[in-house]
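One file, input_22.pdb, is given below (PDB, N, CA, C and O atoms).
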```pdb
ATOM      1  N   MET A 943      55.436  96.887 -32.193
ATOM      2  CA  MET A 943      56.108  97.708 -31.188
ATOM      3  C   MET A 943      55.116  98.089 -30.081
ATOM      4  O   MET A 943      53.964  98.410 -30.364
ATOM      5  N   PRO A 944      55.589  98.065 -28.830
ATOM      6  CA  PRO A 944      54.704  98.518 -27.751
ATOM      7  C   PRO A 944      54.538 100.037 -27.785
ATOM      8  O   PRO A 944      55.324 100.748 -28.409
ATOM      9  N   LYS A 945      53.508 100.500 -27.109
ATOM     10  CA  LYS A 945      53.281 101.941 -27.034
ATOM     11  C   LYS A 945      54.387 102.604 -26.219
ATOM     12  O   LYS A 945      54.934 101.993 -25.310
ATOM     13  N   MET A 946      54.663 103.872 -26.548
ATOM     14  CA  MET A 946      55.617 104.636 -25.754
ATOM     15  C   MET A 946      54.892 105.197 -24.539
ATOM     16  O   MET A 946      53.707 105.502 -24.607
ATOM     17  N   LYS A 947      55.611 105.314 -23.431
ATOM     18  CA  LYS A 947      55.002 105.861 -22.220
ATOM     19  C   LYS A 947      55.247 107.359 -22.134
ATOM     20  O   LYS A 947      56.338 107.833 -22.393
ATOM     21  N   THR A 948      54.208 108.077 -21.749
ATOM     22  CA  THR A 948      54.311 109.508 -21.512
ATOM     23  C   THR A 948      54.767 109.729 -20.082
ATOM     24  O   THR A 948      54.288 109.050 -19.172
ATOM     25  N   SER A 949      55.678 110.663 -19.886
ATOM     26  CA  SER A 949      56.067 111.065 -18.532
ATOM     27  C   SER A 949      54.912 111.840 -17.925
ATOM     28  O   SER A 949      54.583 112.935 -18.383
ATOM     29  N   ARG A 950      54.261 111.269 -16.915
ATOM     30  CA  ARG A 950      53.065 111.896 -16.342
ATOM     31  C   ARG A 950      53.408 113.200 -15.632
ATOM     32  O   ARG A 950      52.618 114.132 -15.610
ATOM     33  N   ALA A 951      54.589 113.271 -15.043
ATOM     34  CA  ALA A 951      55.008 114.506 -14.367
ATOM     35  C   ALA A 951      55.106 115.643 -15.373
ATOM     36  O   ALA A 951      54.665 116.761 -15.119
ATOM     37  N   ALA A 952      55.691 115.354 -16.544
ATOM     38  CA  ALA A 952      55.830 116.379 -17.578
ATOM     39  C   ALA A 952      54.479 116.711 -18.205
ATOM     40  O   ALA A 952      54.216 117.868 -18.536
ATOM     41  N   ALA A 953      53.615 115.720 -18.357
ATOM     42  CA  ALA A 953      52.313 115.939 -18.988
ATOM     43  C   ALA A 953      51.449 116.896 -18.162
ATOM     44  O   ALA A 953      50.631 117.628 -18.709
ATOM     45  N   LYS A 954      51.653 116.898 -16.829
ATOM     46  CA  LYS A 954      50.893 117.801 -15.970
ATOM     47  C   LYS A 954      51.428 119.224 -16.012
ATOM     48  O   LYS A 954      50.740 120.151 -15.618
ATOM     49  N   ARG A 955      52.664 119.395 -16.442
ATOM     50  CA  ARG A 955      53.308 120.708 -16.403
ATOM     51  C   ARG A 955      53.370 121.421 -17.751
ATOM     52  O   ARG A 955      53.552 122.631 -17.798
ATOM     53  N   PHE A 956      53.218 120.692 -18.834
ATOM     54  CA  PHE A 956      53.343 121.267 -20.168
ATOM     55  C   PHE A 956      52.058 121.065 -20.942
ATOM     56  O   PHE A 956      51.375 120.055 -20.780
ATOM     57  N   SER A 957      51.739 122.014 -21.804
ATOM     58  CA  SER A 957      50.618 121.842 -22.718
ATOM     59  C   SER A 957      51.049 122.336 -24.086
ATOM     60  O   SER A 957      51.967 123.145 -24.204
ATOM     61  N   LYS A 958      50.390 121.821 -25.098
ATOM     62  CA  LYS A 958      50.753 122.175 -26.467
ATOM     63  C   LYS A 958      49.879 123.317 -26.961
ATOM     64  O   LYS A 958      48.676 123.342 -26.707
ATOM     65  N   THR A 959      50.490 124.265 -27.670
ATOM     66  CA  THR A 959      49.736 125.372 -28.251
ATOM     67  C   THR A 959      49.172 124.939 -29.600
ATOM     68  O   THR A 959      49.457 123.841 -30.078
ATOM     69  N   GLY A 960      48.404 125.791 -30.203
ATOM     70  CA  GLY A 960      47.807 125.477 -31.495
ATOM     71  C   GLY A 960      48.833 125.272 -32.592
ATOM     72  O   GLY A 960      48.599 124.532 -33.541
ATOM     73  N   THR A 961      49.980 125.928 -32.470
ATOM     74  CA  THR A 961      51.031 125.795 -33.488
ATOM     75  C   THR A 961      52.012 124.678 -33.169
ATOM     76  O   THR A 961      53.005 124.515 -33.869
ATOM     77  N   GLY A 962      51.769 123.932 -32.080
ATOM     78  CA  GLY A 962      52.622 122.789 -31.750
ATOM     79  C   GLY A 962      53.777 123.094 -30.820
ATOM     80  O   GLY A 962      54.610 122.228 -30.579
ATOM     81  N   LEU A 963      53.842 124.318 -30.279
ATOM     82  CA  LEU A 963      54.901 124.646 -29.325
ATOM     83  C   LEU A 963      54.473 124.238 -27.931
ATOM     84  O   LEU A 963      53.285 124.089 -27.648
ATOM     85  N   LEU A 964      55.442 124.056 -27.039
ATOM     86  CA  LEU A 964      55.137 123.664 -25.665
ATOM     87  C   LEU A 964      55.057 124.899 -24.774
ATOM     88  O   LEU A 964      55.934 125.749 -24.804
ATOM     89  N   LYS A 965      53.987 124.960 -23.981
ATOM     90  CA  LYS A 965      53.754 126.077 -23.084
ATOM     91  C   LYS A 965      53.956 125.586 -21.657
ATOM     92  O   LYS A 965      53.583 124.471 -21.319
ATOM     93  N   ARG A 966      54.577 126.430 -20.812
ATOM     94  CA  ARG A 966      54.793 126.057 -19.420
ATOM     95  C   ARG A 966      54.606 127.259 -18.518
ATOM     96  O   ARG A 966      54.651 128.403 -18.969
ATOM     97  N   ASN A 967      54.381 126.982 -17.225
ATOM     98  CA  ASN A 967      54.287 128.046 -16.238
ATOM     99  C   ASN A 967      55.659 128.292 -15.631
ATOM    100  O   ASN A 967      56.524 127.412 -15.646
ATOM    101  N   LYS A 968      55.847 129.469 -15.068
ATOM    102  CA  LYS A 968      57.127 129.826 -14.468
ATOM    103  C   LYS A 968      57.243 129.248 -13.063
ATOM    104  O   LYS A 968      56.245 129.007 -12.388
ATOM    105  N   ALA A 969      58.475 129.069 -12.623
ATOM    106  CA  ALA A 969      58.765 128.548 -11.288
ATOM    107  C   ALA A 969      58.850 129.689 -10.282
ATOM    108  O   ALA A 969      58.750 130.863 -10.656
ATOM    109  N   TYR A 970      59.062 129.331  -9.004
ATOM    110  CA  TYR A 970      59.283 130.277  -7.899
ATOM    111  C   TYR A 970      58.038 131.070  -7.525
ATOM    112  O   TYR A 970      58.148 132.202  -7.083
ATOM    113  N   LYS A 971      56.867 130.482  -7.665
ATOM    114  CA  LYS A 971      55.631 131.188  -7.321
ATOM    115  C   LYS A 971      54.846 130.457  -6.228
ATOM    116  O   LYS A 971      53.723 130.812  -5.930
ATOM    117  N   SER A 972      55.445 129.455  -5.579
ATOM    118  CA  SER A 972      54.658 128.645  -4.659
ATOM    119  C   SER A 972      54.774 129.061  -3.193
ATOM    120  O   SER A 972      53.791 129.032  -2.467
ATOM    121  N   HIS A 973      55.944 129.448  -2.720
ATOM    122  CA  HIS A 973      56.085 129.836  -1.314
ATOM    123  C   HIS A 973      57.224 130.842  -1.173
ATOM    124  O   HIS A 973      57.911 131.165  -2.136
ATOM    125  N   ILE A 974      57.397 131.359   0.050
ATOM    126  CA  ILE A 974      58.341 132.446   0.360
ATOM    127  C   ILE A 974      58.051 133.634  -0.571
ATOM    128  O   ILE A 974      58.910 134.118  -1.292
ATOM    129  N   LEU A 975      56.805 134.082  -0.541
ATOM    130  CA  LEU A 975      56.377 135.153  -1.440
ATOM    131  C   LEU A 975      56.494 136.532  -0.804
ATOM    132  O   LEU A 975      56.370 137.534  -1.497
ATOM    133  N   THR A 976      56.747 136.598   0.511
ATOM    134  CA  THR A 976      56.746 137.894   1.186
ATOM    135  C   THR A 976      57.925 138.757   0.759
ATOM    136  O   THR A 976      57.798 139.977   0.657
ATOM    137  N   LYS A 977      59.053 138.154   0.492
ATOM    138  CA  LYS A 977      60.232 138.955   0.111
ATOM    139  C   LYS A 977      60.265 139.284  -1.377
ATOM    140  O   LYS A 977      61.106 140.065  -1.809
ATOM    141  N   LYS A 978      59.379 138.693  -2.154
ATOM    142  CA  LYS A 978      59.337 138.978  -3.591
ATOM    143  C   LYS A 978      58.428 140.175  -3.842
ATOM    144  O   LYS A 978      57.380 140.308  -3.213
ATOM    145  N   SER A 979      58.826 141.004  -4.785
ATOM    146  CA  SER A 979      58.049 142.217  -5.069
ATOM    147  C   SER A 979      56.750 141.855  -5.791
ATOM    148  O   SER A 979      56.634 140.796  -6.400
ATOM    149  N   THR A 980      55.803 142.762  -5.729
ATOM    150  CA  THR A 980      54.510 142.562  -6.392
ATOM    151  C   THR A 980      54.693 142.422  -7.888
ATOM    152  O   THR A 980      54.045 141.589  -8.525
ATOM    153  N   LYS A 981      55.587 143.231  -8.445
ATOM    154  CA  LYS A 981      55.849 143.170  -9.889
ATOM    155  C   LYS A 981      56.418 141.814 -10.283
ATOM    156  O   LYS A 981      56.025 141.234 -11.298
ATOM    157  N   ARG A 982      57.340 141.304  -9.470
ATOM    158  CA  ARG A 982      57.952 140.005  -9.754
ATOM    159  C   ARG A 982      56.916 138.880  -9.698
ATOM    160  O   ARG A 982      56.872 138.014 -10.565
ATOM    161  N   LYS A 983      56.052 138.916  -8.672
ATOM    162  CA  LYS A 983      55.013 137.897  -8.534
ATOM    163  C   LYS A 983      54.007 137.976  -9.679
ATOM    164  O   LYS A 983      53.524 136.955 -10.172
ATOM    165  N   ARG A 984      53.696 139.192 -10.117
ATOM    166  CA  ARG A 984      52.758 139.371 -11.222
ATOM    167  C   ARG A 984      53.335 138.792 -12.513
ATOM    168  O   ARG A 984      52.628 138.160 -13.287
ATOM    169  N   ASN A 985      54.629 138.988 -12.743
ATOM    170  CA  ASN A 985      55.260 138.446 -13.948
ATOM    171  C   ASN A 985      55.406 136.937 -13.905
ATOM    172  O   ASN A 985      55.479 136.297 -14.957
ATOM    173  N   LEU A 986      55.436 136.359 -12.706
ATOM    174  CA  LEU A 986      55.526 134.902 -12.581
ATOM    175  C   LEU A 986      54.209 134.215 -12.924
ATOM    176  O   LEU A 986      54.190 133.011 -13.148
ATOM    177  N   ARG A 987      53.108 134.961 -12.961
ATOM    178  CA  ARG A 987      51.812 134.372 -13.304
ATOM    179  C   ARG A 987      51.731 133.962 -14.764
ATOM    180  O   ARG A 987      51.033 133.018 -15.103
ATOM    181  N   LYS A 988      52.433 134.675 -15.616
ATOM    182  CA  LYS A 988      52.304 134.459 -17.053
ATOM    183  C   LYS A 988      52.957 133.153 -17.478
ATOM    184  O   LYS A 988      54.017 132.791 -16.976
ATOM    185  N   SER A 989      52.343 132.471 -18.410
ATOM    186  CA  SER A 989      52.958 131.269 -18.969
ATOM    187  C   SER A 989      53.820 131.665 -20.156
ATOM    188  O   SER A 989      53.591 132.698 -20.779
ATOM    189  N   ILE A 990      54.830 130.849 -20.430
ATOM    190  CA  ILE A 990      55.755 131.152 -21.519
ATOM    191  C   ILE A 990      55.971 129.916 -22.379
ATOM    192  O   ILE A 990      55.659 128.800 -21.974
ATOM    193  N   ILE A 991      56.517 130.136 -23.560
ATOM    194  CA  ILE A 991      56.833 129.051 -24.482
ATOM    195  C   ILE A 991      58.173 128.439 -24.062
ATOM    196  O   ILE A 991      59.118 129.166 -23.737
ATOM    197  N   THR A 992      58.237 127.111 -24.056
ATOM    198  CA  THR A 992      59.477 126.424 -23.704
ATOM    199  C   THR A 992      60.560 126.745 -24.718
ATOM    200  O   THR A 992      60.304 126.825 -25.916
ATOM    201  N   ASP A 993      61.786 126.916 -24.215
ATOM    202  CA  ASP A 993      62.927 127.234 -25.074
ATOM    203  C   ASP A 993      63.144 126.119 -26.098
ATOM    204  O   ASP A 993      63.022 124.939 -25.764
ATOM    205  N   PRO A 994      63.472 126.456 -27.342
ATOM    206  CA  PRO A 994      63.640 125.417 -28.375
ATOM    207  C   PRO A 994      64.729 124.395 -28.061
ATOM    208  O   PRO A 994      64.653 123.246 -28.498
ATOM    209  N   THR A 995      65.745 124.787 -27.264
ATOM    210  CA  THR A 995      66.796 123.832 -26.914
ATOM    211  C   THR A 995      66.262 122.725 -26.013
ATOM    212  O   THR A 995      66.736 121.587 -26.071
ATOM    213  N   ASN A 996      65.265 123.034 -25.178
ATOM    214  CA  ASN A 996      64.664 122.022 -24.306
ATOM    215  C   ASN A 996      63.467 121.346 -24.951
ATOM    216  O   ASN A 996      63.107 120.237 -24.559
ATOM    217  N   ALA A 997      62.856 121.985 -25.923
ATOM    218  CA  ALA A 997      61.617 121.473 -26.512
ATOM    219  C   ALA A 997      61.836 120.124 -27.187
ATOM    220  O   ALA A 997      60.948 119.267 -27.178
ATOM    221  N   GLN A 998      63.020 119.918 -27.756
ATOM    222  CA  GLN A 998      63.288 118.649 -28.435
ATOM    223  C   GLN A 998      63.312 117.491 -27.434
ATOM    224  O   GLN A 998      62.763 116.423 -27.696
ATOM    225  N   ASN A 999      63.922 117.710 -26.254
ATOM    226  CA  ASN A 999      63.929 116.686 -25.216
ATOM    227  C   ASN A 999      62.527 116.456 -24.672
ATOM    228  O   ASN A 999      62.153 115.311 -24.367
ATOM    229  N   MET A1000      61.740 117.512 -24.554
ATOM    230  CA  MET A1000      60.400 117.375 -23.998
ATOM    231  C   MET A1000      59.509 116.577 -24.945
ATOM    232  O   MET A1000      58.649 115.818 -24.477
ATOM    233  N   LYS A1001      59.692 116.717 -26.240
ATOM    234  CA  LYS A1001      58.861 115.982 -27.182
ATOM    235  C   LYS A1001      59.139 114.473 -27.131
ATOM    236  O   LYS A1001      58.284 113.673 -27.482
ATOM    237  N   LYS A1002      60.332 114.087 -26.663
ATOM    238  CA  LYS A1002      60.650 112.669 -26.493
ATOM    239  C   LYS A1002      59.877 112.060 -25.328
ATOM    240  O   LYS A1002      59.389 110.934 -25.408
ATOM    241  N   ILE A1003      59.759 112.815 -24.224
ATOM    242  CA  ILE A1003      59.058 112.253 -23.061
ATOM    243  C   ILE A1003      57.569 112.558 -23.085
ATOM    244  O   ILE A1003      56.823 112.088 -22.238
ATOM    245  N   LEU A1004      57.128 113.343 -24.066
ATOM    246  CA  LEU A1004      55.703 113.615 -24.271
ATOM    247  C   LEU A1004      55.313 113.230 -25.689
ATOM    248  O   LEU A1004      54.962 114.083 -26.498
ATOM    249  N   PRO A1005      55.349 111.937 -26.040
ATOM    250  CA  PRO A1005      55.138 111.549 -27.429
ATOM    251  C   PRO A1005      53.726 111.801 -27.940
ATOM    252  O   PRO A1005      53.533 112.020 -29.127
ATOM    253  N   TYR A1006      52.723 111.787 -27.064
ATOM    254  CA  TYR A1006      51.338 111.912 -27.522
ATOM    255  C   TYR A1006      50.702 113.242 -27.187
ATOM    256  O   TYR A1006      49.521 113.431 -27.387
ATOM    257  N   LEU A1007      51.477 114.160 -26.667
ATOM    258  CA  LEU A1007      50.930 115.467 -26.298
ATOM    259  C   LEU A1007      50.845 116.375 -27.511
ATOM    260  O   LEU A1007      51.673 116.346 -28.384
TER     261      LEU A1007
END
```
Show this structure as structure tokens.
Amino acid sequence: MPKMKTSRAAAKRFSKTGTGLLKRNKAYKSHILTKKSTKRKRNLRKSIITDPTNAQNMKKILPYL
């Protein structure tokens, strides 16, 4: 069997934690920041664990991560 290909776009956006869960950064932090509150921007800095409903699909396109 040939090797499976990793989605490079997804590989740059997701990383695996020590327990095997997928970690990602939040969206909406790149531009148009003037109308967003300081509290909202501060909370967007934190990374979060990917939802389990999406994690199964992500593991298919990230076979070696």
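For the structure shown here, the set of residues caught by the PyMOL selection byres ((chain A and resi 964) around 7) is Phe956, Ser957, Lys958, Thr959, Gly962, Leu963, Lys965, Arg966, Ile990, Ile991, Thr992, Asp993 and Ala997 of chain A.
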Report task. Determine which residues of chain A receive a DSSP assignment of strand (DSSP E or B), computed from the backbone, and state them as an MDAnalysis selection string. Result -> chainID A and resid 956:958 964:967 989:991
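Going from atom O of Pro944 in chain A to CA of Pro1005 in chain A covers 10.8 Å.
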**Report entry** Residue with smallest distance to Lys968 in chain A - pool A:Thr948, A:Asn999, A:Thr980, A:Ser989, counting all atoms listed in the file
**Finding:**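 With all atoms listed in the file as the atom set, the closest residue is A:Ser989.
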**Report entry** Resolved residues for the PyMOL selection byres ((chain A and resi 1003) around 7) as a PyMOL selection string
**Finding:** chain A and resi 947-950+952-953+998-1002+1004-1006
Requested in this report: State, in Å with one decimal place, the distance from atom C of Ser979 in chain A to atom C of Arg955 in chain A.
Outcome: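 Atom-to-atom, atom C of Ser979 in chain A to atom C of Arg955 in chain A, that is 23.9 Å.
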Report task. Go through A:Pro994, A:Gly960, A:Ala969, A:Lys954 and flag the residue nearest Arg982 in chain A, using only C-alpha atoms for the distances. Result ->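 Selected residue with least distance to Arg982 in chain A: A:Ala969.
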Pull all heavy atoms for range 978-991 of chain A from the block and write them as an mmCIF file, in the first residue's frame.
```
data_model
loop_
_atom_site.group_PDB
_atom_site.id
_atom_site.type_symbol
_atom_site.label_atom_id
_atom_site.label_comp_id
_atom_site.auth_asym_id
_atom_site.auth_seq_id
_atom_site.Cartn_x
_atom_site.Cartn_y
_atom_site.Cartn_z
ATOM 1 N N LYS A 978 -13.470 44.922 18.276
ATOM 2 C CA LYS A 978 -13.549 43.831 19.250
ATOM 3 C C LYS A 978 -13.009 44.310 20.592
ATOM 4 O O LYS A 978 -12.019 45.038 20.644
ATOM 5 C CB LYS A 978 -12.744 42.623 18.759
ATOM 6 C CG LYS A 978 -13.352 41.998 17.508
ATOM 7 C CD LYS A 978 -12.472 40.980 16.880
ATOM 8 C CE LYS A 978 -13.087 40.551 15.560
ATOM 9 N NZ LYS A 978 -12.129 39.969 14.659
ATOM 10 N N SER A 979 -13.645 43.863 21.655
ATOM 11 C CA SER A 979 -13.237 44.307 22.993
ATOM 12 C C SER A 979 -11.910 43.655 23.384
ATOM 13 O O SER A 979 -11.527 42.619 22.849
ATOM 14 C CB SER A 979 -14.305 43.955 24.017
ATOM 15 O OG SER A 979 -14.369 42.561 24.201
ATOM 16 N N THR A 980 -11.244 44.265 24.337
ATOM 17 C CA THR A 980 -9.966 43.743 24.831
ATOM 18 C C THR A 980 -10.147 42.363 25.429
ATOM 19 O O THR A 980 -9.316 41.476 25.225
ATOM 20 C CB THR A 980 -9.390 44.700 25.885
ATOM 21 O OG1 THR A 980 -9.430 46.019 25.366
ATOM 22 C CG2 THR A 980 -7.970 44.343 26.214
ATOM 23 N N LYS A 981 -11.244 42.183 26.155
ATOM 24 C CA LYS A 981 -11.521 40.879 26.772
ATOM 25 C C LYS A 981 -11.711 39.802 25.711
ATOM 26 O O LYS A 981 -11.204 38.686 25.845
ATOM 27 C CB LYS A 981 -12.772 40.988 27.638
ATOM 28 C CG LYS A 981 -13.171 39.694 28.317
ATOM 29 C CD LYS A 981 -14.436 39.875 29.125
ATOM 30 C CE LYS A 981 -14.869 38.570 29.752
ATOM 31 N NZ LYS A 981 -16.117 38.733 30.509
ATOM 32 N N ARG A 982 -12.434 40.146 24.648
ATOM 33 C CA ARG A 982 -12.677 39.188 23.569
ATOM 34 C C ARG A 982 -11.372 38.797 22.870
ATOM 35 O O ARG A 982 -11.120 37.628 22.606
ATOM 36 C CB ARG A 982 -13.657 39.809 22.576
ATOM 37 C CG ARG A 982 -14.072 38.916 21.445
ATOM 38 C CD ARG A 982 -15.151 39.601 20.650
ATOM 39 N NE ARG A 982 -15.356 38.968 19.372
ATOM 40 C CZ ARG A 982 -16.060 39.507 18.382
ATOM 41 N NH1 ARG A 982 -16.635 40.679 18.537
ATOM 42 N NH2 ARG A 982 -16.204 38.880 17.243
ATOM 43 N N LYS A 983 -10.522 39.798 22.595
ATOM 44 C CA LYS A 983 -9.241 39.531 21.943
ATOM 45 C C LYS A 983 -8.328 38.699 22.839
ATOM 46 O O LYS A 983 -7.600 37.824 22.367
ATOM 47 C CB LYS A 983 -8.555 40.843 21.558
ATOM 48 C CG LYS A 983 -9.240 41.556 20.414
ATOM 49 C CD LYS A 983 -8.464 42.755 19.956
ATOM 50 C CE LYS A 983 -8.713 43.948 20.833
ATOM 51 N NZ LYS A 983 -8.168 45.201 20.261
ATOM 52 N N ARG A 984 -8.373 38.959 24.142
ATOM 53 C CA ARG A 984 -7.552 38.202 25.084
ATOM 54 C C ARG A 984 -7.987 36.738 25.118
ATOM 55 O O ARG A 984 -7.158 35.839 25.164
ATOM 56 C CB ARG A 984 -7.678 38.843 26.470
ATOM 57 C CG ARG A 984 -6.769 38.241 27.511
ATOM 58 C CD ARG A 984 -6.762 39.065 28.787
ATOM 59 N NE ARG A 984 -8.075 39.153 29.412
ATOM 60 C CZ ARG A 984 -8.755 40.308 29.537
ATOM 61 N NH1 ARG A 984 -8.272 41.449 29.076
ATOM 62 N NH2 ARG A 984 -9.932 40.320 30.124
ATOM 63 N N ASN A 985 -9.292 36.489 25.074
ATOM 64 C CA ASN A 985 -9.786 35.112 25.080
ATOM 65 C C ASN A 985 -9.514 34.384 23.777
ATOM 66 O O ASN A 985 -9.440 33.153 23.763
ATOM 67 C CB ASN A 985 -11.287 35.087 25.400
ATOM 68 C CG ASN A 985 -11.555 35.371 26.857
ATOM 69 O OD1 ASN A 985 -10.754 35.015 27.717
ATOM 70 N ND2 ASN A 985 -12.664 36.028 27.149
ATOM 71 N N LEU A 986 -9.350 35.128 22.684
ATOM 72 C CA LEU A 986 -9.036 34.504 21.396
ATOM 73 C C LEU A 986 -7.592 34.019 21.332
ATOM 74 O O LEU A 986 -7.252 33.232 20.457
ATOM 75 C CB LEU A 986 -9.304 35.484 20.251
ATOM 76 C CG LEU A 986 -10.768 35.778 19.949
ATOM 77 C CD1 LEU A 986 -10.879 36.911 18.949
ATOM 78 C CD2 LEU A 986 -11.477 34.543 19.422
ATOM 79 N N ARG A 987 -6.738 34.482 22.240
ATOM 80 C CA ARG A 987 -5.341 34.042 22.251
ATOM 81 C C ARG A 987 -5.194 32.591 22.674
ATOM 82 O O ARG A 987 -4.275 31.912 22.241
ATOM 83 C CB ARG A 987 -4.534 34.879 23.249
ATOM 84 C CG ARG A 987 -4.116 36.213 22.757
ATOM 85 C CD ARG A 987 -3.245 36.877 23.812
ATOM 86 N NE ARG A 987 -3.556 38.289 23.885
ATOM 87 C CZ ARG A 987 -3.501 39.019 24.989
ATOM 88 N NH1 ARG A 987 -3.149 38.479 26.132
ATOM 89 N NH2 ARG A 987 -3.779 40.299 24.968
ATOM 90 N N LYS A 988 -6.088 32.131 23.518
ATOM 91 C CA LYS A 988 -5.947 30.801 24.102
ATOM 92 C C LYS A 988 -6.232 29.713 23.077
ATOM 93 O O LYS A 988 -7.137 29.845 22.260
ATOM 94 C CB LYS A 988 -6.910 30.654 25.283
ATOM 95 C CG LYS A 988 -6.712 31.702 26.362
ATOM 96 C CD LYS A 988 -7.830 31.639 27.351
ATOM 97 C CE LYS A 988 -7.719 32.771 28.367
ATOM 98 N NZ LYS A 988 -8.893 32.856 29.212
ATOM 99 N N SER A 989 -5.482 28.643 23.139
ATOM 100 C CA SER A 989 -5.763 27.497 22.278
ATOM 101 C C SER A 989 -6.734 26.572 22.992
ATOM 102 O O SER A 989 -6.814 26.573 24.217
ATOM 103 C CB SER A 989 -4.471 26.743 21.940
ATOM 104 O OG SER A 989 -3.858 26.297 23.116
ATOM 105 N N ILE A 990 -7.491 25.816 22.207
ATOM 106 C CA ILE A 990 -8.495 24.922 22.778
ATOM 107 C C ILE A 990 -8.390 23.546 22.140
ATOM 108 O O ILE A 990 -7.774 23.377 21.092
ATOM 109 C CB ILE A 990 -9.932 25.470 22.611
ATOM 110 C CG1 ILE A 990 -10.228 25.782 21.148
ATOM 111 C CG2 ILE A 990 -10.171 26.676 23.474
ATOM 112 C CD1 ILE A 990 -11.679 26.093 20.888
ATOM 113 N N ILE A 991 -9.010 22.575 22.785
ATOM 114 C CA ILE A 991 -9.046 21.207 22.278
ATOM 115 C C ILE A 991 -10.155 21.113 21.227
ATOM 116 O O ILE A 991 -11.252 21.646 21.426
ATOM 117 C CB ILE A 991 -9.320 20.208 23.426
ATOM 118 C CG1 ILE A 991 -8.239 20.328 24.513
ATOM 119 C CG2 ILE A 991 -9.411 18.779 22.920
ATOM 120 C CD1 ILE A 991 -6.844 20.008 24.063
#
```
